[in-house]
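Peer 1: This is the content of my_file_37.txt (compact mmCIF, N, CA and C atoms):
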# COMPACT_ATOMS: atom_id res chain seq x y z
N GLU M 1 -7.26 12.08 -9.85
CA GLU M 1 -8.68 11.98 -10.09
C GLU M 1 -9.11 10.52 -10.26
N ASP M 2 -8.27 9.71 -10.91
CA ASP M 2 -8.61 8.31 -11.15
C ASP M 2 -8.65 7.48 -9.88
N VAL M 3 -7.98 7.92 -8.83
CA VAL M 3 -7.93 7.15 -7.58
C VAL M 3 -8.56 7.92 -6.42
N ASP M 4 -9.41 8.88 -6.74
CA ASP M 4 -9.99 9.78 -5.75
C ASP M 4 -11.39 9.34 -5.32
N ASP M 5 -11.61 8.03 -5.25
CA ASP M 5 -12.96 7.53 -4.99
C ASP M 5 -13.11 6.77 -3.67
N GLY M 6 -12.05 6.75 -2.84
CA GLY M 6 -12.13 6.05 -1.56
C GLY M 6 -11.90 4.55 -1.67
N LYS M 7 -11.66 4.07 -2.88
CA LYS M 7 -11.41 2.65 -3.07
C LYS M 7 -9.92 2.42 -3.26
N ALA M 8 -9.45 1.27 -2.81
CA ALA M 8 -8.04 0.91 -2.99
C ALA M 8 -7.80 0.57 -4.46
N HIS M 9 -6.75 1.15 -5.01
CA HIS M 9 -6.34 0.88 -6.39
C HIS M 9 -4.96 0.23 -6.33
N TYR M 10 -4.83 -0.91 -6.98
CA TYR M 10 -3.61 -1.72 -6.90
C TYR M 10 -2.76 -1.54 -8.16
N PHE M 11 -1.45 -1.49 -7.94
CA PHE M 11 -0.51 -1.29 -9.03
C PHE M 11 0.66 -2.25 -8.90
N LYS M 12 1.32 -2.50 -10.03
CA LYS M 12 2.53 -3.31 -10.06
C LYS M 12 3.61 -2.50 -10.76
N PHE M 13 4.80 -2.48 -10.16
CA PHE M 13 5.96 -1.85 -10.78
C PHE M 13 6.87 -2.99 -11.22
N ALA M 14 7.00 -3.15 -12.52
CA ALA M 14 7.77 -4.27 -13.06
C ALA M 14 9.27 -4.00 -12.99
N THR M 15 10.01 -5.00 -12.52
CA THR M 15 11.48 -4.97 -12.55
C THR M 15 11.95 -6.24 -13.24
N ALA M 16 13.21 -6.32 -13.54
CA ALA M 16 13.77 -7.51 -14.18
C ALA M 16 13.62 -8.75 -13.30
N LYS M 17 13.51 -8.55 -11.98
CA LYS M 17 13.43 -9.68 -11.04
C LYS M 17 12.01 -9.99 -10.59
N GLY M 18 11.04 -9.18 -11.02
CA GLY M 18 9.65 -9.40 -10.63
C GLY M 18 8.94 -8.09 -10.33
N ASP M 19 7.69 -8.20 -9.91
CA ASP M 19 6.86 -7.03 -9.66
C ASP M 19 6.91 -6.59 -8.21
N ILE M 20 6.88 -5.28 -8.03
CA ILE M 20 6.71 -4.68 -6.71
C ILE M 20 5.28 -4.18 -6.68
N LYS M 21 4.50 -4.66 -5.73
CA LYS M 21 3.07 -4.34 -5.68
C LYS M 21 2.79 -3.29 -4.61
N PHE M 22 1.89 -2.38 -4.94
CA PHE M 22 1.49 -1.36 -3.97
C PHE M 22 0.05 -0.94 -4.25
N PHE M 23 -0.52 -0.23 -3.30
CA PHE M 23 -1.87 0.29 -3.50
C PHE M 23 -1.93 1.75 -3.07
N VAL M 24 -2.93 2.42 -3.61
CA VAL M 24 -3.22 3.82 -3.31
C VAL M 24 -4.67 3.87 -2.89
N VAL M 25 -4.96 4.65 -1.85
CA VAL M 25 -6.34 4.79 -1.40
C VAL M 25 -6.54 6.19 -0.81
N LYS M 26 -7.69 6.79 -1.11
CA LYS M 26 -8.06 8.04 -0.44
C LYS M 26 -8.73 7.62 0.86
N SER M 27 -8.12 7.97 1.97
CA SER M 27 -8.58 7.49 3.27
C SER M 27 -9.84 8.22 3.74
N ILE M 28 -10.40 7.73 4.82
CA ILE M 28 -11.65 8.28 5.35
C ILE M 28 -11.51 9.73 5.80
N ASP M 29 -10.27 10.20 6.00
CA ASP M 29 -10.06 11.61 6.35
C ASP M 29 -9.72 12.47 5.13
N GLY M 30 -9.85 11.89 3.92
CA GLY M 30 -9.66 12.64 2.69
C GLY M 30 -8.23 12.76 2.20
N VAL M 31 -7.30 12.04 2.80
CA VAL M 31 -5.89 12.11 2.42
C VAL M 31 -5.56 10.96 1.46
N MET M 32 -4.79 11.27 0.42
CA MET M 32 -4.32 10.22 -0.49
C MET M 32 -3.16 9.49 0.18
N ARG M 33 -3.24 8.18 0.22
CA ARG M 33 -2.24 7.37 0.91
C ARG M 33 -1.74 6.27 -0.02
N ALA M 34 -0.54 5.81 0.25
CA ALA M 34 0.05 4.72 -0.55
C ALA M 34 0.82 3.79 0.36
N ALA M 35 0.79 2.52 0.03
CA ALA M 35 1.52 1.52 0.80
C ALA M 35 1.86 0.35 -0.10
N PHE M 36 2.91 -0.36 0.26
CA PHE M 36 3.22 -1.60 -0.42
C PHE M 36 2.13 -2.60 -0.09
N ASP M 37 1.85 -3.50 -1.00
CA ASP M 37 0.83 -4.52 -0.77
C ASP M 37 1.46 -5.67 0.00
N ALA M 38 2.07 -5.29 1.13
CA ALA M 38 2.82 -6.23 1.98
C ALA M 38 3.06 -5.58 3.33
N CYS M 39 3.47 -6.40 4.29
CA CYS M 39 3.80 -5.87 5.62
C CYS M 39 5.07 -6.56 6.13
N ASP M 40 5.57 -6.08 7.25
CA ASP M 40 6.79 -6.61 7.82
C ASP M 40 6.63 -8.04 8.35
N VAL M 41 5.41 -8.46 8.65
CA VAL M 41 5.17 -9.77 9.24
C VAL M 41 4.78 -10.82 8.20
N CYS M 42 3.79 -10.52 7.39
CA CYS M 42 3.21 -11.52 6.48
C CYS M 42 3.72 -11.46 5.05
N TYR M 43 4.71 -10.64 4.76
CA TYR M 43 5.15 -10.45 3.37
C TYR M 43 5.57 -11.74 2.69
N ARG M 44 6.11 -12.69 3.44
CA ARG M 44 6.59 -13.94 2.83
C ARG M 44 5.44 -14.74 2.19
N GLU M 45 4.24 -14.53 2.68
CA GLU M 45 3.07 -15.24 2.14
C GLU M 45 2.60 -14.64 0.82
N MET M 46 3.01 -13.39 0.51
CA MET M 46 2.67 -12.72 -0.75
C MET M 46 1.16 -12.62 -0.99
N LYS M 47 0.39 -12.39 0.07
CA LYS M 47 -1.06 -12.33 -0.07
C LYS M 47 -1.62 -10.90 -0.11
N GLY M 48 -0.89 -9.93 0.40
CA GLY M 48 -1.33 -8.53 0.32
C GLY M 48 -2.56 -8.21 1.14
N TYR M 49 -3.25 -7.17 0.71
CA TYR M 49 -4.41 -6.64 1.43
C TYR M 49 -5.61 -6.54 0.51
N ARG M 50 -6.78 -6.51 1.14
CA ARG M 50 -8.02 -6.20 0.44
C ARG M 50 -8.71 -5.09 1.22
N GLN M 51 -9.59 -4.38 0.58
CA GLN M 51 -10.32 -3.32 1.26
C GLN M 51 -11.70 -3.82 1.65
N GLU M 52 -12.08 -3.52 2.87
CA GLU M 52 -13.44 -3.78 3.35
C GLU M 52 -13.90 -2.49 4.01
N GLY M 53 -14.76 -1.75 3.34
CA GLY M 53 -15.23 -0.48 3.87
C GLY M 53 -14.09 0.50 4.03
N ASP M 54 -13.92 1.02 5.23
CA ASP M 54 -12.86 1.99 5.52
C ASP M 54 -11.62 1.33 6.12
N SER M 55 -11.45 0.05 5.87
CA SER M 55 -10.29 -0.68 6.40
C SER M 55 -9.59 -1.46 5.30
N MET M 56 -8.29 -1.61 5.48
CA MET M 56 -7.50 -2.53 4.66
C MET M 56 -7.31 -3.77 5.53
N VAL M 57 -7.50 -4.94 4.95
CA VAL M 57 -7.45 -6.20 5.70
C VAL M 57 -6.34 -7.07 5.13
N CYS M 58 -5.48 -7.57 6.00
CA CYS M 58 -4.41 -8.46 5.59
C CYS M 58 -5.03 -9.79 5.14
N ASN M 59 -4.71 -10.21 3.92
CA ASN M 59 -5.26 -11.46 3.38
C ASN M 59 -4.63 -12.70 4.00
N ASN M 60 -3.59 -12.52 4.81
CA ASN M 60 -2.96 -13.66 5.46
C ASN M 60 -3.48 -13.84 6.89
N CYS M 61 -3.41 -12.79 7.70
CA CYS M 61 -3.76 -12.93 9.11
C CYS M 61 -5.10 -12.28 9.48
N GLU M 62 -5.73 -11.61 8.50
CA GLU M 62 -7.05 -11.00 8.68
C GLU M 62 -7.08 -9.79 9.61
N GLN M 63 -5.93 -9.25 10.00
CA GLN M 63 -5.95 -8.03 10.81
C GLN M 63 -6.45 -6.88 9.95
N ARG M 64 -7.16 -5.94 10.60
CA ARG M 64 -7.76 -4.80 9.91
C ARG M 64 -7.03 -3.51 10.29
N PHE M 65 -6.91 -2.62 9.31
CA PHE M 65 -6.22 -1.34 9.52
C PHE M 65 -7.04 -0.24 8.86
N ARG M 66 -7.43 0.76 9.64
CA ARG M 66 -8.19 1.88 9.09
C ARG M 66 -7.38 2.58 8.01
N THR M 67 -8.07 3.01 6.97
CA THR M 67 -7.36 3.66 5.86
C THR M 67 -6.67 4.95 6.29
N ASP M 68 -7.18 5.63 7.30
CA ASP M 68 -6.53 6.88 7.72
C ASP M 68 -5.24 6.64 8.50
N LEU M 69 -4.89 5.39 8.77
CA LEU M 69 -3.63 5.06 9.43
C LEU M 69 -2.56 4.56 8.45
N VAL M 70 -2.96 4.33 7.18
CA VAL M 70 -1.98 3.95 6.16
C VAL M 70 -1.01 5.12 6.00
N ASN M 71 0.27 4.86 5.97
CA ASN M 71 1.38 5.83 5.93
C ASN M 71 1.65 6.47 7.29
N GLU M 72 0.78 6.29 8.25
CA GLU M 72 0.95 6.89 9.58
C GLU M 72 1.55 5.90 10.57
N VAL M 73 1.10 4.66 10.50
CA VAL M 73 1.56 3.62 11.41
C VAL M 73 2.33 2.60 10.58
N LYS M 74 3.50 2.20 11.09
CA LYS M 74 4.29 1.22 10.35
C LYS M 74 4.75 0.12 11.28
N GLY M 75 5.22 -0.95 10.69
CA GLY M 75 5.68 -2.09 11.48
C GLY M 75 4.57 -3.08 11.72
N GLY M 76 4.95 -4.24 12.17
CA GLY M 76 3.98 -5.29 12.42
C GLY M 76 3.27 -5.66 11.14
N CYS M 77 1.96 -5.83 11.22
CA CYS M 77 1.19 -6.21 10.04
C CYS M 77 0.55 -5.00 9.36
N ASN M 78 0.88 -3.79 9.77
CA ASN M 78 0.38 -2.60 9.09
C ASN M 78 0.90 -2.58 7.66
N PRO M 79 0.10 -2.10 6.70
CA PRO M 79 0.62 -1.95 5.34
C PRO M 79 1.90 -1.12 5.36
N ALA M 80 2.95 -1.61 4.72
CA ALA M 80 4.25 -0.93 4.73
C ALA M 80 4.14 0.39 3.98
N PRO M 81 4.43 1.52 4.64
CA PRO M 81 4.27 2.83 4.02
C PRO M 81 5.12 3.02 2.76
N LEU M 82 4.53 3.72 1.81
CA LEU M 82 5.22 4.10 0.58
C LEU M 82 5.13 5.61 0.45
N ALA M 83 6.28 6.28 0.37
CA ALA M 83 6.31 7.74 0.28
C ALA M 83 5.55 8.20 -0.96
N ARG M 84 4.80 9.27 -0.80
CA ARG M 84 4.04 9.85 -1.91
C ARG M 84 3.86 11.33 -1.65
N ARG M 85 3.50 12.05 -2.71
CA ARG M 85 3.22 13.48 -2.57
C ARG M 85 2.20 13.87 -3.62
N ILE M 86 1.54 14.98 -3.37
CA ILE M 86 0.62 15.53 -4.35
C ILE M 86 1.37 16.63 -5.09
N ASP M 87 1.38 16.54 -6.41
CA ASP M 87 2.12 17.49 -7.25
C ASP M 87 1.19 17.97 -8.36
N GLY M 88 0.74 19.21 -8.24
CA GLY M 88 -0.15 19.76 -9.26
C GLY M 88 -1.45 19.00 -9.40
N GLY M 89 -1.99 18.51 -8.32
CA GLY M 89 -3.23 17.76 -8.36
C GLY M 89 -3.06 16.29 -8.70
N HIS M 90 -1.83 15.85 -8.90
CA HIS M 90 -1.55 14.45 -9.22
C HIS M 90 -0.80 13.79 -8.06
N LEU M 91 -1.09 12.54 -7.84
CA LEU M 91 -0.37 11.76 -6.85
C LEU M 91 0.95 11.32 -7.48
N ALA M 92 2.05 11.63 -6.85
CA ALA M 92 3.37 11.29 -7.38
C ALA M 92 4.09 10.36 -6.42
N ILE M 93 4.63 9.29 -6.98
CA ILE M 93 5.42 8.32 -6.22
C ILE M 93 6.72 8.12 -6.98
N ALA M 94 7.84 8.36 -6.31
CA ALA M 94 9.14 8.25 -6.97
C ALA M 94 9.52 6.78 -7.19
N GLN M 95 10.10 6.51 -8.33
CA GLN M 95 10.56 5.16 -8.66
C GLN M 95 11.53 4.65 -7.60
N ALA M 96 12.41 5.51 -7.12
CA ALA M 96 13.38 5.11 -6.10
C ALA M 96 12.67 4.64 -4.83
N ASP M 97 11.56 5.28 -4.47
CA ASP M 97 10.82 4.88 -3.27
C ASP M 97 10.14 3.54 -3.49
N ILE M 98 9.64 3.30 -4.68
CA ILE M 98 9.03 2.00 -4.98
C ILE M 98 10.10 0.91 -4.87
N LEU M 99 11.25 1.16 -5.44
CA LEU M 99 12.33 0.16 -5.43
C LEU M 99 12.79 -0.19 -4.02
N LYS M 100 12.68 0.75 -3.08
CA LYS M 100 13.07 0.47 -1.69
C LYS M 100 12.25 -0.66 -1.09
N GLY M 101 11.05 -0.89 -1.59
CA GLY M 101 10.19 -1.95 -1.06
C GLY M 101 10.34 -3.27 -1.78
N GLY M 102 11.31 -3.36 -2.68
CA GLY M 102 11.48 -4.59 -3.45
C GLY M 102 11.73 -5.82 -2.59
N TRP M 103 12.36 -5.64 -1.45
CA TRP M 103 12.68 -6.81 -0.60
C TRP M 103 11.41 -7.52 -0.12
N TYR M 104 10.27 -6.80 -0.01
CA TYR M 104 9.02 -7.46 0.38
C TYR M 104 8.60 -8.51 -0.65
N PHE M 105 9.08 -8.34 -1.90
CA PHE M 105 8.68 -9.19 -3.00
C PHE M 105 9.83 -10.03 -3.55
N GLY M 106 10.88 -10.18 -2.74
CA GLY M 106 12.01 -11.00 -3.11
C GLY M 106 12.91 -10.39 -4.18
N ILE M 107 12.89 -9.06 -4.24
CA ILE M 107 13.67 -8.35 -5.26
C ILE M 107 14.82 -7.61 -4.61
As structure tokens, how would this structure be written, given the file I've shared?
Peer 2:
Amino acid sequence: EDVDDGKAHYFKFATAKGDIKFFVVKSIDGVMRAAFDACDVCYREMKGYRQEGDSMVCNNCEQRFRTDLVNEVKGGCNPAPLARRIDGGHLAIAQADILKGGWYFGI
């Protein structure tokens, strides 16, 4: 319910070596989506994404990605997908899945 507004919500998962950043957004097709705040191309710059309307925009190269393609398209400068599921009306993301993306953040 807290992230069911169509806006990107940003989170940090703290580890001993630093934070793993990700975002959650309800896409234009009504699906809850999650991705690391990084991509395969620009992750070294550590700039992440911002939301502009129904798109996520890379803060490094300015490429735009429709929210309904988050978790659907991967590679390149697309937001790196983060596994998620809906469980009893709540968005659930496993700690193990978050940790898999640690390499984007030097972890």
Peer 1: Take atom CA of M:Gly76 and atom CA of M:Val41 and report the distance between them in Å, one decimal.
Peer 2: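 Straight-line distance from atom CA of M:Gly76 to atom CA of M:Val41 works out to 5.6 Å.
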Peer 1: Mind pulling up the distance from atom N of M:Asp68 to atom CA of M:Asp54?
Peer 2: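 Interatomic distance here is 7.0 Å.
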Peer 1: Which centre and edge lengths in Å to one decimal define the box along x, y and z that fits every listed atom of stretch 10-13 of chain M plus 8 Å per side, as lines of an AutoDock Vina configuration file?
Peer 2:
center_x = 1.0
center_y = -2.1
center_z = -9.1
size_x = 27.7
size_y = 18.4
size_z = 20.3
Peer 1: Show which residues sit within 12 Å of M:Ile86, as JSON, numbers by chain. Count only C-alpha atoms, and ignore same-chain residues fewer than 2 positions away.
Peer 2: {"M": [1, 31, 32, 33, 34, 83, 84, 88, 89, 90, 91, 92, 93, 94]}
Peer 1: Taking only stretch 1-104 of chain M into account, list the residues labelled helix (DSSP H, G or I) by DSSP (computed from the backbone), as JSON, numbers by chain.
Peer 2: {"M": [43, 44, 45, 67, 68, 69, 95, 96, 97, 98, 99, 100, 102, 103, 104]}
Peer 1: Would you list the contacts of M:Asn78 as a PyMOL selection string, taking every protein, DNA or RNA residue within 6 Å and counting all atoms listed in the file, but skipping same-chain residues closer than 4 positions in sequence?
Peer 2: chain M and resi 38-40+73-74
Peer 1: Would you compute the distance between atom C of M:Val24 and atom CA of M:Val57? Give it in Å to one decimal.
Peer 2: 13.5 Å
Peer 1: Excluding M:Leu69 and any residue of its chain fewer than 6 positions from it, enumerate the residues within 8 Å of it, using all atoms listed in the file, and give them as JSON, numbers by chain.
Peer 2: {"M": [27, 28, 29, 78, 79]}
Peer 1: Could you dump the residues just selected with N, CA and C atoms as a PDB file, in the frame of the given file?
Peer 2:
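Below you can see out37.pdb, which holds the result:
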ATOM      1  N   SER M  27      -8.120   7.970   1.970  1.00  0.00           N
ATOM      2  CA  SER M  27      -8.580   7.490   3.270  1.00  0.00           C
ATOM      3  C   SER M  27      -9.840   8.220   3.740  1.00  0.00           C
ATOM      4  N   ILE M  28     -10.400   7.730   4.820  1.00  0.00           N
ATOM      5  CA  ILE M  28     -11.650   8.280   5.350  1.00  0.00           C
ATOM      6  C   ILE M  28     -11.510   9.730   5.800  1.00  0.00           C
ATOM      7  N   ASP M  29     -10.270  10.200   6.000  1.00  0.00           N
ATOM      8  CA  ASP M  29     -10.060  11.610   6.350  1.00  0.00           C
ATOM      9  C   ASP M  29      -9.720  12.470   5.130  1.00  0.00           C
ATOM     10  N   ASN M  78       0.880  -3.790   9.770  1.00  0.00           N
ATOM     11  CA  ASN M  78       0.380  -2.600   9.090  1.00  0.00           C
ATOM     12  C   ASN M  78       0.900  -2.580   7.660  1.00  0.00           C
ATOM     13  N   PRO M  79       0.100  -2.100   6.700  1.00  0.00           N
ATOM     14  CA  PRO M  79       0.620  -1.950   5.340  1.00  0.00           C
ATOM     15  C   PRO M  79       1.900  -1.120   5.360  1.00  0.00           C
TER      16      PRO M  79
END
Peer 1: Excluding M:Asp5 and its own-chain neighbours fewer than 5 positions away, which residues fall within 10 Å of it when counting only C-alpha atoms? Please give them as number ranges by chain.
Peer 2: M: 25-27, 30
Peer 1: Per DSSP on the backbone, filter stretch 3-107 of chain M down to the residues in strand (DSSP E or B) and report them as a PyMOL selection string.
Peer 2: chain M and resi 9-15+18-26+32-36+49-52+55-58+64-66+81+85-87+90-92
Peer 1: Give me, as a PyMOL selection string, all polymer residues having an atom no more than 6.5 Å from M:Asp37, counting only N, CA and C atoms and skipping those fewer than 3 positions away in the same chain.
Peer 2: chain M and resi 21-23+47-49+80
Peer 1: Within 12 Å of (-12.7, -4.9, 7.2), only C-alpha atoms: residues as an MDAnalysis selection string?
Peer 2: chainID M and resid 49:59 62:67
